[in-house]
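Listing of data-v9.cif; format and content: mmCIF, C-alpha atoms and all ligand atoms.
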```cif
data_data
#
loop_
_atom_site.label_atom_id
_atom_site.label_comp_id
_atom_site.auth_asym_id
_atom_site.auth_seq_id
_atom_site.Cartn_x
_atom_site.Cartn_y
_atom_site.Cartn_z
CA MET A 1 71.50 143.03 54.36
CA ILE A 2 72.41 146.49 55.50
CA VAL A 3 71.67 147.25 59.09
CA ARG A 4 70.75 150.85 59.62
CA PHE A 5 71.21 152.36 63.01
CA PRO A 6 68.31 154.47 64.14
CA ARG A 7 69.31 158.09 64.41
CA ALA A 8 69.01 158.06 68.20
CA PHE A 9 71.79 155.46 68.45
CA ALA A 10 74.01 157.05 65.89
CA HIS A 11 76.57 158.16 68.47
CA PHE A 12 77.38 154.51 69.21
CA ARG A 13 79.11 154.32 65.90
CA LYS A 14 81.52 157.04 66.81
CA PRO A 15 84.57 156.03 68.82
CA ARG A 16 83.67 156.78 72.39
CA LEU A 17 87.17 156.75 73.78
CA SER A 18 90.00 158.99 72.89
CA ARG A 19 93.17 157.57 71.42
CA THR A 20 95.04 158.11 74.66
CA THR A 21 92.42 156.29 76.72
CA ARG A 22 92.41 153.37 74.36
CA LEU A 23 96.18 153.19 74.47
CA ALA A 24 96.12 153.33 78.26
CA LEU A 25 93.53 150.52 78.38
CA LEU A 26 95.63 148.43 76.06
CA VAL A 27 98.73 148.92 78.21
CA LEU A 28 96.76 148.10 81.34
CA THR A 29 95.36 144.93 79.80
CA ILE A 30 98.81 143.79 78.70
CA ALA A 31 100.22 144.62 82.11
CA ALA A 32 97.42 142.67 83.81
CA LEU A 33 97.95 139.65 81.57
CA ALA A 34 101.68 139.78 82.18
CA GLU A 35 101.08 140.02 85.92
CA ILE A 36 98.70 137.04 85.83
CA TYR A 37 101.32 135.13 83.88
CA VAL A 38 104.05 135.94 86.37
CA HIS A 39 101.79 135.02 89.28
CA THR A 40 100.65 131.66 87.91
CA ARG A 41 104.22 130.83 86.84
CA GLN A 42 105.20 130.92 90.51
CA PHE A 43 103.09 127.81 90.92
CA ALA A 44 104.35 126.06 87.81
CA VAL A 45 105.79 122.79 89.04
CA ARG A 46 109.47 122.36 88.27
CA GLN A 47 109.70 118.85 86.87
CA PRO A 48 112.87 116.83 87.49
CA THR A 49 115.16 115.43 84.82
CA ARG A 50 114.60 111.89 86.09
CA ASN A 51 111.67 110.20 87.79
CA LEU A 52 111.86 110.64 91.54
CA ASP A 53 109.32 107.96 92.33
CA GLU A 54 109.30 104.69 90.45
CA PRO A 55 107.38 101.52 91.39
CA PHE A 56 109.47 99.52 93.87
CA TYR A 57 109.12 96.47 91.62
CA THR A 58 107.42 95.92 88.28
CA SER A 59 106.93 92.15 88.46
CA CYS A 60 106.55 89.36 91.01
CA GLN A 61 109.45 88.87 93.42
CA GLU A 62 110.35 85.78 95.37
CA PRO A 63 109.04 86.79 98.83
CA ALA A 64 112.05 87.27 101.11
CA VAL A 65 110.47 85.26 103.88
CA ASP A 66 113.64 85.12 105.99
CA ALA A 67 114.75 88.73 105.54
CA PRO A 68 114.67 91.13 108.49
CA ARG A 69 111.39 92.98 108.92
CA GLU A 70 110.81 96.64 109.67
CA ASN A 71 109.31 97.73 112.94
CA ALA A 72 105.81 98.02 111.55
CA ALA A 73 102.16 97.23 112.15
CA ILE A 74 99.07 96.93 110.02
CA VAL A 75 96.39 99.06 111.68
CA MET A 76 92.62 99.01 111.38
CA LEU A 77 90.09 101.21 113.14
CA VAL A 78 86.95 99.14 113.35
CA ARG A 79 83.75 98.49 115.31
CA ASN A 80 82.52 95.14 116.58
CA SER A 81 79.57 95.45 114.22
CA GLU A 82 81.91 95.61 111.25
CA LEU A 83 83.40 92.19 111.87
CA GLU A 84 82.32 90.76 108.54
CA GLY A 85 83.85 93.58 106.50
CA ALA A 86 86.95 93.56 108.66
CA LEU A 87 87.43 89.84 108.08
CA LYS A 88 87.07 90.35 104.36
CA THR A 89 89.91 92.89 104.40
CA VAL A 90 92.10 90.78 106.67
CA HIS A 91 91.62 87.66 104.55
CA SER A 92 92.39 89.63 101.40
CA LEU A 93 95.56 91.13 102.84
CA GLU A 94 96.72 87.87 104.39
CA ARG A 95 96.26 86.04 101.11
CA HIS A 96 97.99 88.69 99.00
CA PHE A 97 100.73 89.73 101.39
CA ASN A 98 100.88 88.83 105.02
CA ARG A 99 101.04 85.06 104.72
CA TRP A 100 104.64 85.62 103.61
CA PHE A 101 105.57 88.50 105.92
CA HIS A 102 103.53 88.00 109.13
CA TYR A 103 103.29 91.60 110.30
CA PRO A 104 101.17 92.11 113.42
CA MET A 105 97.74 93.71 113.07
CA VAL A 106 96.57 96.29 115.57
CA PHE A 107 92.81 96.78 115.85
CA LEU A 108 91.58 100.06 117.30
CA ASN A 109 88.12 100.79 118.64
CA ASP A 110 86.48 103.44 120.77
CA GLU A 111 84.63 100.61 122.57
CA PRO A 112 86.04 97.34 123.90
CA PHE A 113 86.30 94.60 121.29
CA SER A 114 83.91 91.69 121.71
CA TYR A 115 85.10 88.17 122.40
CA ASP A 116 83.87 87.06 118.98
CA PHE A 117 85.75 89.82 117.23
CA GLN A 118 88.99 88.99 119.01
CA ARG A 119 88.65 85.28 118.44
CA ALA A 120 87.92 85.74 114.74
CA MET A 121 90.92 88.01 114.30
CA ASN A 122 93.19 85.76 116.33
CA GLU A 123 92.31 83.00 113.91
CA SER A 124 92.69 85.08 110.76
CA THR A 125 95.96 86.91 111.30
CA SER A 126 99.29 85.23 110.69
CA GLY A 127 101.39 87.82 112.51
CA GLY A 128 99.29 88.15 115.65
CA ALA A 129 96.50 90.54 116.56
CA ARG A 130 96.41 93.25 119.21
CA PHE A 131 93.21 94.86 120.41
CA GLU A 132 93.41 98.42 121.64
CA LEU A 133 90.86 100.72 123.17
CA ILE A 134 91.21 104.36 122.10
CA PRO A 135 91.37 106.61 125.18
CA LYS A 136 88.15 108.55 125.63
CA GLU A 137 89.80 111.98 125.42
CA GLU A 138 91.12 111.14 121.97
CA TRP A 139 87.68 110.25 120.66
CA SER A 140 85.60 113.18 121.89
CA PHE A 141 85.31 116.95 121.65
CA PRO A 142 88.40 118.78 122.88
CA GLU A 143 87.87 119.90 126.46
CA TRP A 144 87.79 123.62 125.66
CA MET A 145 85.12 123.21 123.01
CA ASP A 146 81.56 124.42 123.45
CA GLU A 147 79.87 121.06 122.91
CA ARG A 148 76.41 122.49 122.40
CA ALA A 149 77.60 124.81 119.67
CA ALA A 150 79.56 121.97 118.04
CA THR A 151 76.59 119.59 118.18
CA LYS A 152 74.37 122.27 116.66
CA SER A 153 76.86 122.86 113.89
CA ILE A 154 77.13 119.14 113.18
CA ALA A 155 73.36 118.88 112.87
CA ALA A 156 73.33 121.88 110.52
CA GLN A 157 76.06 120.32 108.36
CA GLY A 158 73.96 117.18 108.17
CA ARG A 159 70.91 119.15 107.06
CA ALA A 160 73.06 120.89 104.45
CA GLY A 161 73.79 117.48 102.97
CA ILE A 162 77.56 117.56 103.50
CA MET A 163 78.77 113.98 103.22
CA TYR A 164 78.92 112.20 106.62
CA ALA A 165 79.02 115.61 108.31
CA GLY A 166 75.81 115.05 110.28
CA MET A 167 77.41 112.22 112.27
CA GLU A 168 79.25 113.26 115.40
CA SER A 169 81.36 110.10 115.42
CA TYR A 170 82.59 110.82 111.91
CA HIS A 171 84.01 114.12 113.13
CA HIS A 172 85.69 112.35 116.04
CA MET A 173 87.16 109.86 113.61
CA CYS A 174 88.53 112.52 111.27
CA ARG A 175 90.08 114.37 114.18
CA PHE A 176 91.50 111.15 115.57
CA TYR A 177 93.05 110.07 112.27
CA SER A 178 94.37 113.57 111.68
CA GLY A 179 96.40 113.77 114.84
CA LYS A 180 95.78 111.61 117.88
CA PHE A 181 96.22 108.35 115.98
CA TYR A 182 99.94 109.00 115.66
CA THR A 183 100.58 109.63 119.31
CA LEU A 184 98.62 106.60 120.56
CA GLU A 185 100.38 104.67 123.26
CA ALA A 186 99.44 101.50 121.36
CA LEU A 187 101.55 102.53 118.35
CA ARG A 188 104.45 104.05 120.25
CA ASP A 189 106.80 101.15 119.63
CA TYR A 190 106.30 101.09 115.87
CA LYS A 191 108.09 103.14 113.24
CA TRP A 192 105.80 102.30 110.29
CA TYR A 193 102.08 101.72 109.84
CA TRP A 194 99.90 100.38 107.08
CA ARG A 195 96.37 101.64 107.44
CA ILE A 196 93.57 99.37 106.29
CA GLU A 197 89.80 99.56 106.60
CA PRO A 198 86.94 97.09 106.70
CA ASP A 199 85.48 95.98 103.39
CA VAL A 200 88.32 96.73 100.99
CA ASP A 201 89.92 94.47 98.40
CA PHE A 202 93.52 93.86 97.52
CA TYR A 203 93.79 92.47 94.00
CA CYS A 204 97.49 91.75 93.46
CA SER A 205 100.13 89.72 95.23
CA ILE A 206 102.45 92.00 97.16
CA SER A 207 105.53 89.86 96.93
CA TYR A 208 107.98 92.30 98.52
CA ASP A 209 108.03 93.99 101.90
CA PRO A 210 106.71 97.55 101.40
CA PHE A 211 107.97 98.69 104.81
CA VAL A 212 111.50 97.57 104.02
CA GLU A 213 111.37 99.28 100.63
CA MET A 214 109.96 102.51 102.07
CA ALA A 215 112.81 102.59 104.59
CA ARG A 216 115.47 101.63 102.06
CA ARG A 217 114.41 104.35 99.64
CA ASP A 218 113.94 107.00 102.28
CA LYS A 219 110.20 107.45 101.68
CA VAL A 220 107.81 108.93 104.21
CA TYR A 221 104.35 108.39 102.79
CA GLY A 222 102.82 105.88 100.39
CA PHE A 223 99.38 106.03 98.75
CA THR A 224 97.35 104.30 96.05
CA ILE A 225 94.43 106.52 94.98
CA SER A 226 94.07 110.27 94.83
CA LEU A 227 90.78 112.11 94.55
CA ILE A 228 89.11 115.51 94.75
CA GLU A 229 87.82 116.52 98.18
CA GLY A 230 84.29 117.86 98.56
CA ALA A 231 84.75 121.61 98.89
CA ASP A 232 81.85 121.93 101.33
CA THR A 233 83.60 119.72 103.91
CA CYS A 234 86.52 122.08 104.42
CA PRO A 235 85.82 125.71 103.44
CA THR A 236 88.55 127.18 105.65
CA LEU A 237 91.08 124.35 105.91
CA PHE A 238 93.37 125.51 103.13
CA ARG A 239 93.42 129.07 104.49
CA GLN A 240 94.35 127.78 107.94
CA ILE A 241 97.21 125.65 106.66
CA SER A 242 98.44 128.26 104.22
CA ASP A 243 98.50 130.91 106.96
CA TRP A 244 100.35 128.48 109.24
CA LYS A 245 102.86 127.82 106.47
CA GLU A 246 103.47 131.54 106.06
CA LYS A 247 103.64 132.26 109.76
CA HIS A 248 106.28 129.58 110.28
CA GLY A 249 108.21 130.39 107.15
CA TYR A 250 107.98 126.97 105.55
CA ARG A 251 109.42 127.19 102.05
CA THR A 252 107.11 126.43 99.14
CA THR A 253 107.85 122.88 97.98
CA GLU A 254 107.13 121.59 94.51
CA LEU A 255 104.50 119.35 96.13
CA TRP A 256 102.75 122.39 97.60
CA LYS A 257 102.75 124.07 94.20
CA ALA A 258 101.22 120.94 92.71
CA MET A 259 98.35 121.20 95.19
CA VAL A 260 97.59 124.90 94.74
CA SER A 261 95.35 126.36 92.06
CA PRO A 262 96.69 129.88 91.47
CA SER A 263 94.13 132.60 90.97
CA TRP A 264 93.69 134.07 87.48
CA VAL A 265 92.42 137.36 88.83
CA PRO A 266 94.97 140.15 88.29
CA TRP A 267 96.58 142.25 90.98
CA PRO A 268 95.27 144.20 92.89
CA PHE A 269 91.90 142.46 92.67
CA ARG A 270 93.46 139.11 93.45
CA SER A 271 94.01 140.01 97.07
CA MET A 272 90.29 140.71 97.32
CA MET A 273 89.77 137.07 96.42
CA SER A 274 91.19 136.32 99.84
CA TRP A 275 87.86 137.56 101.24
CA PHE A 276 86.51 134.21 100.05
CA ARG A 277 87.25 131.92 102.98
CA ALA A 278 88.33 128.97 100.83
CA ARG A 279 91.26 131.03 99.52
CA ASP A 280 94.54 131.91 101.12
CA SER A 281 95.72 135.41 102.01
CA LYS A 282 97.03 135.93 98.46
CA GLY A 283 93.74 134.88 96.84
CA ASP A 284 94.89 131.48 95.63
CA SER A 285 93.07 128.24 96.39
CA TRP A 286 93.61 124.52 96.84
CA SER A 287 92.95 122.21 93.90
CA LEU A 288 91.16 119.89 96.40
CA CYS A 289 93.39 117.05 95.14
CA HIS A 290 94.54 114.78 97.93
CA TYR A 291 95.84 111.32 98.72
CA TRP A 292 93.00 109.06 99.79
CA SER A 293 93.88 108.05 103.30
CA ASN A 294 92.00 104.79 103.82
CA PHE A 295 95.13 103.20 102.39
CA GLU A 296 98.39 104.56 103.75
CA ILE A 297 101.81 103.10 104.34
CA ALA A 298 103.77 105.73 106.17
CA ASP A 299 106.37 106.76 108.68
CA LEU A 300 104.86 107.32 112.13
CA ASP A 301 107.83 109.44 113.17
CA PHE A 302 106.98 112.05 110.55
CA PHE A 303 103.44 112.40 111.87
CA ARG A 304 104.59 112.29 115.48
CA GLY A 305 107.16 114.99 114.80
CA GLN A 306 106.94 118.61 115.93
CA ASP A 307 106.11 120.05 112.51
CA TYR A 308 103.11 117.83 111.88
CA GLN A 309 101.82 117.78 115.45
CA GLY A 310 102.28 121.55 115.70
CA LEU A 311 100.08 121.98 112.65
CA PHE A 312 97.53 119.48 113.93
CA ASN A 313 97.25 121.13 117.33
CA HIS A 314 96.76 124.49 115.66
CA LEU A 315 94.04 123.08 113.38
CA ASP A 316 92.40 121.38 116.35
CA ARG A 317 92.23 124.65 118.27
CA THR A 318 90.37 126.33 115.43
CA GLY A 319 87.49 123.88 115.96
CA GLY A 320 87.34 123.07 112.25
CA PHE A 321 87.12 119.35 112.85
CA TYR A 322 83.64 120.01 114.25
CA TYR A 323 82.45 123.36 112.87
CA GLU A 324 83.38 122.01 109.46
CA ARG A 325 84.04 118.41 108.52
CA TRP A 326 87.75 118.42 107.80
CA GLY A 327 88.79 115.01 106.56
CA ASP A 328 92.02 113.39 107.64
CA ALA A 329 92.95 112.78 104.00
CA ALA A 330 92.81 116.51 103.30
CA VAL A 331 94.79 117.34 106.44
CA HIS A 332 97.46 114.70 105.77
CA SER A 333 97.84 115.72 102.13
CA LEU A 334 98.17 119.46 102.68
CA ALA A 335 100.60 118.82 105.53
CA LEU A 336 102.68 116.56 103.32
CA GLY A 337 102.65 119.24 100.63
CA MET A 338 103.81 121.81 103.15
CA LEU A 339 106.53 119.69 104.74
CA LEU A 340 107.88 117.26 102.17
CA ASP A 341 109.76 117.24 98.92
CA PRO A 342 108.07 115.17 96.21
CA GLU A 343 110.52 112.26 96.27
CA LYS A 344 109.40 111.42 99.83
CA VAL A 345 105.96 110.38 98.63
CA HIS A 346 105.46 107.02 96.99
CA HIS A 347 102.65 105.97 94.70
CA PHE A 348 102.04 102.23 95.09
CA GLU A 349 100.87 101.95 91.50
CA ASP A 350 101.74 98.26 91.36
CA LEU A 351 99.10 97.47 94.00
CA GLY A 352 95.52 96.52 93.22
CA TYR A 353 93.22 98.17 95.72
CA ARG A 354 89.54 98.98 96.04
CA HIS A 355 87.58 100.97 98.61
CA ASP A 356 83.93 101.82 97.93
CA PHE A 357 83.62 102.50 94.20
CA PHE A 358 87.18 103.66 93.80
CA PHE A 359 89.93 101.39 92.72
CA GLN A 360 93.31 101.05 91.17
CA CYS A 361 94.45 97.90 89.46
CA PRO A 362 97.52 97.52 87.28
CA ALA A 363 97.76 95.11 84.38
CA ASN A 364 99.93 92.08 85.04
CA ALA A 365 103.60 92.28 84.09
CA GLN A 366 104.45 90.40 80.96
CA GLY A 367 106.74 87.49 81.75
CA GLY A 368 106.97 88.66 85.35
CA GLN A 369 104.59 86.31 87.15
CA ARG A 370 107.10 83.77 88.50
CA TRP A 371 104.94 80.76 87.75
CA GLU A 372 107.77 78.56 89.01
CA SER A 373 107.70 80.04 92.52
CA GLN A 374 106.78 77.53 95.19
CA VAL A 375 106.16 80.26 97.74
CA LEU A 376 103.90 82.38 95.55
CA GLY A 377 102.41 79.46 93.72
CA SER A 378 100.45 77.90 96.51
CA ASP A 379 97.45 80.07 95.77
CA PRO A 380 94.48 77.85 95.00
CA THR A 381 92.57 80.61 93.20
CA TYR A 382 95.10 81.03 90.41
CA THR A 383 92.45 80.65 87.71
CA SER A 384 91.25 84.19 88.33
CA TRP A 385 94.57 85.83 87.48
CA SER A 386 94.15 88.23 84.64
CA PRO A 387 96.17 88.23 81.43
CA GLU A 388 99.64 89.72 81.17
CA ARG A 389 99.87 92.88 79.13
CA PRO A 390 102.73 94.92 77.68
CA GLY A 391 103.61 97.66 80.11
CA GLY A 392 101.87 95.84 82.97
CA ILE A 393 103.56 96.01 86.36
CA GLY A 394 101.19 93.89 88.48
CA CYS A 395 101.97 90.63 90.22
CA ARG A 396 99.21 88.06 89.82
CA CYS A 397 96.49 90.71 89.87
CA GLU A 398 92.90 89.54 89.77
CA CYS A 399 91.39 92.28 87.68
CA ASP A 400 91.15 92.17 83.93
CA GLY A 401 93.78 94.81 83.28
CA ALA A 402 91.59 96.59 80.74
CA VAL A 403 90.43 99.27 83.15
CA THR A 404 93.23 100.00 85.56
CA ARG A 405 91.95 103.10 87.26
CA ASN A 406 88.76 104.96 88.07
CA MET A 407 88.05 108.70 87.89
CA GLY A 408 90.57 109.44 85.17
CA ASN A 409 93.91 110.68 86.34
CA TYR A 410 93.35 114.36 87.02
CA CYS A 411 94.49 114.46 90.64
CA LEU A 412 96.99 111.65 90.23
CA ASP A 413 98.73 113.45 87.37
CA ARG A 414 98.68 116.66 89.26
CA LEU A 415 100.13 115.28 92.47
CA LYS A 416 102.71 113.14 90.69
CA LYS A 417 103.91 115.88 88.38
CA PRO A 418 106.69 117.11 90.71
CA SER A 419 108.24 113.64 90.83
CA THR A 420 107.73 112.84 87.17
CA LYS A 421 110.46 113.40 84.61
CA LYS A 422 109.77 116.21 82.18
CA LEU A 423 108.85 114.89 78.77
CA VAL A 424 111.40 115.66 76.08
CA GLU A 425 110.28 117.25 72.83
CA SER A 426 111.51 115.20 69.93
CA THR A 427 113.00 116.88 66.89
CA ARG A 428 109.98 115.83 64.88
CA GLY A 429 107.82 117.94 67.16
CA GLY A 430 106.18 114.96 68.83
CA VAL A 431 106.35 114.26 72.51
CA TRP A 432 107.45 110.99 74.01
C1 LIG A 501 93.59 86.33 121.17
O1 LIG A 501 95.00 86.22 121.27
C2 LIG A 501 95.55 86.87 122.41
C3 LIG A 501 97.05 86.84 122.32
O2 LIG A 501 97.51 85.80 121.53
C4 LIG A 501 95.02 86.20 123.68
O3 LIG A 501 95.55 86.84 124.83
C5 LIG A 501 93.52 86.31 123.69
O4 LIG A 501 92.99 85.62 124.79
C6 LIG A 501 92.92 85.76 122.39
N1 LIG A 501 91.50 86.07 122.41
C7 LIG A 501 90.56 85.25 121.97
C8 LIG A 501 89.17 85.67 122.17
O5 LIG A 501 90.80 84.21 121.41
#
```

As C-alpha cells - that is how I would like this structure written.
Ligand SMILES: *[C@@H]1O[C@H](CO)[C@@H](O)[C@H](O)[C@H]1NC(C)=O
Amino acid sequence: MIVRFPRAFAHFRKPRLSRTTRLALLVLTIAALAEIYVHTRQFAVRQPTRNLDEPFYTSCQEPAVDAPRENAAIVMLVRNSELEGALKTVHSLERHFNRWFHYPMVFLNDEPFSYDFQRAMNESTSGGARFELIPKEEWSFPEWMDERAATKSIAAQGRAGIMYAGMESYHHMCRFYSGKFYTLEALRDYKWYWRIEPDVDFYCSISYDPFVEMARRDKVYGFTISLIEGADTCPTLFRQISDWKEKHGYRTTELWKAMVSPSWVPWPFRSMMSWFRARDSKGDSWSLCHYWSNFEIADLDFFRGQDYQGLFNHLDRTGGFYYERWGDAAVHSLALGMLLDPEKVHHFEDLGYRHDFFFQCPANAQGGQRWESQVLGSDPTYTSWSPERPGGIGCRCECDGAVTRNMGNYCLDRLKKPSTKKLVESTRGGVW
C-alpha cells in the first residue's frame, strides 16, 4: 500500500534540519553517551583477583568447647509481652550454638523486665542472662526536638502508609539501634555483639565460634540477608550521608560504589537531578540495597568509634529519625559502605536464618556432617536434618536445601560484588 501524504503535510518529508545541525546533534549525542559512560564507569566495582570473603567453614566442625572465647554478648531488645517469641529465639540459638559456647545474653528493654521474663530467661540461657533498662534519654525524642512537630509528622507518615512509620516507638527504636545502642553502659565491657530478635529461627548448627573467627580474620561486620529498603522511609538519608562523606573527605570505597546507582542522565542535566531529595549532590542515588540488621555479628568498637558516632550524631541532629522513618539497617549499611573496605564485611552464608518471611538456608555439606561427633550428636531432633547436596556448606541444617534463599539475589550479588573474585572468560567464550 502506498501512503500518500496530504499536500498540507508535504513539508514533513523534506529534511527539516541542515546538514550542519544534524552533524552537531550527532556529535552532541555521542558526547553525551560518552559522558554517561565515563560517569557510570566511576561506579563500576573493581572486583578482586581472589575472593575476599569466604565462608568461615563449609562443613561441621568439632565445637572447640575449651577454646578461649571472645569478649562478646548476644543481645536482644525485647518487651515483656514478647516473652514467647523471645523464648523461641533463645531456645533455637541455644540448641544450634550456645549450648557449646555459653556466651552471655543481654536483654534490653525500655521498661523494667518482669519477674516472669527474667526467670524464664535465667532458665533458658546457658551462658547467663543480664537484664538492662535502656536509659530514658536514649529512648525518646532528642531534647532539642520540637516534639509536637515530630508527633504530627509521625502521624502523617502513618496515614501515608509508610511501614511502621506511624508508631512513635518504632522511630525511637530505629534511632536507638542506629546510635545509642553502641554507647550503652550495659555493653561497654564487650568488644563484640550478636544481635538477635524475638521470633526468629536458626536452622543450622553453628559448630564454630563466630566471634573468634571474626576477630581472627579481621572482620568488622557480619550479616545473613540483604534486602531493598522502602524508598518512602528514607527520602533524604542517602543525601545526608553522601554530603557528610564529601564534607569529611572520605574516599569512595568499592563497597560505597556497590551501593550507589549512578544516574544515566547526561551532564549538565545530571546535576539538576540533585534537586530530587533522594539523590546526592551529583544527581546519583542509592540502590536501596542494605544488610538486614535484625541479625548482626559485629565489632562494637567500630560503631563506638568517632567516624560512626560522628555520622550518627549528625544524622540525629537533622531530625530524620522522626521526620522520616530512617531504619537502622539503612544507616548501618550506608555507614559501612562509607567507612569500610569490602573485606571487612562477612556474609554468614553457612547459617540458616529466618526473620518474618525472609530467610537464608544453605544446603548441607556433602560428607561434612560429622555424624561421629559426640558433642554435636546429642541432638534428639536429628531426623529433621535435610539431605546433603553437592556444593552444600551447611552443618546439620533443618531446611530441605532445595530453596536456599528468598527474594532472588539482587541485593546480595550487588553488595558482595566488591569482595567476589572476577570471573575469568574461558578461551571457549564461556564463563566459569
Ligand atoms: C536471674 O539470675 C540473676 C543472676 O543469676 C539473679 O540475680 C536473678 O535473681 C534471677 N532472676 C530470677 C527472676 O530468677

Using only C-alpha atoms, what residues lie at most 10 Å away from (101.4, 120.1, 115.7) (file coordinates), given as number ranges by chain?
-> A: 179, 303-316

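Take CA of Glu35 in chain A and CA of Trp275 in chain A: the distance between them is 20.4 Å.
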
Please report as JSON lines every residue of range 173-192 of chain A lying within 10 Å of range 330-341 of chain A, along with the nearest atom pair and their distance in Å (one decimal), using all atoms listed in the file.
```
{"residue": "A:Cys174", "atom": "CA", "partner": "A:Val331", "partner_atom": "CA", "distance": 9.3}
{"residue": "A:Arg175", "atom": "CA", "partner": "A:Val331", "partner_atom": "CA", "distance": 9.5}
{"residue": "A:Tyr177", "atom": "CA", "partner": "A:His332", "partner_atom": "CA", "distance": 9.1}
{"residue": "A:Ser178", "atom": "CA", "partner": "A:Val331", "partner_atom": "CA", "distance": 6.5}
{"residue": "A:Gly179", "atom": "CA", "partner": "A:His332", "partner_atom": "CA", "distance": 9.2}
```

Using all atoms listed in the file, which residues have at least one atom no more than 9 Å from ligand LIG 501 (chain A)? Output them as a PDB file with C-alpha atoms, in the coordinates of the input.
```
ATOM      1  CA  SER A 114      83.910  91.690 121.710  1.00  0.00           C
ATOM      2  CA  TYR A 115      85.100  88.170 122.400  1.00  0.00           C
ATOM      3  CA  ASP A 116      83.870  87.060 118.980  1.00  0.00           C
ATOM      4  CA  PHE A 117      85.750  89.820 117.230  1.00  0.00           C
ATOM      5  CA  GLN A 118      88.990  88.990 119.010  1.00  0.00           C
ATOM      6  CA  ARG A 119      88.650  85.280 118.440  1.00  0.00           C
ATOM      7  CA  ALA A 120      87.920  85.740 114.740  1.00  0.00           C
ATOM      8  CA  MET A 121      90.920  88.010 114.300  1.00  0.00           C
ATOM      9  CA  ASN A 122      93.190  85.760 116.330  1.00  0.00           C
ATOM     10  CA  GLU A 123      92.310  83.000 113.910  1.00  0.00           C
ATOM     11  CA  GLY A 128      99.290  88.150 115.650  1.00  0.00           C
ATOM     12  CA  ALA A 129      96.500  90.540 116.560  1.00  0.00           C
ATOM     13  CA  ARG A 130      96.410  93.250 119.210  1.00  0.00           C
ATOM     14  CA  PHE A 131      93.210  94.860 120.410  1.00  0.00           C
TER      15      PHE A 131
END
```

May I ask for the distance between CA of Gly85 in chain A and CA of Glu197 in chain A, given in Å to one decimal place?
->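 Calculated distance between CA of Gly85 in chain A and CA of Glu197 in chain A is 8.4 Å.
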
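Residues in contact with Thr151 in chain A at 10 Å, where all atoms listed in the file are counted and same-chain residues fewer than 3 positions away are skipped, are listed as A:Phe141, A:Asp146, A:Glu147, A:Arg148, A:Ile154, A:Ala155, A:Ala156, A:Gln157, A:Gly166, A:Met167, A:Glu168, A:Tyr322, A:Tyr323.
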
Which is closer to Asn294 in chain A than all the others in A:Arg251, A:Arg217, A:Arg195, A:Arg99, using only C-alpha atoms?
->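 Checking each of A:Arg251, A:Arg217, A:Arg195, A:Arg99 against Asn294 in chain A, counting only C-alpha atoms, the winner is A:Arg195.
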
Between CA of Glu70 in chain A and CA of Met214 in chain A - distance in Å to one decimal =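 Between these atoms lies a distance of 9.6 Å.
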
Identify, on the basis of all atoms listed in the file, every residue whose closest approach to Ala67 in chain A does not exceed 12 Å; exclude the query and any residue fewer than 4 positions from it along the same chain; express the result as a PyMOL selection string.
-> chain A and resi 62-63+100-102+208-209+212

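For the residues A:Asp53, A:Glu343, A:Glu94, A:Glu388, ranking by smallest atom-to-atom distance to Ser207 in chain A using all atoms listed in the file places A:Glu94 first.
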
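With distances taken over all atoms listed in the file, A:Phe113 is the one residue among A:Phe202, A:Phe113, A:Trp371, A:Phe97 lying closest to Asn80 in chain A.
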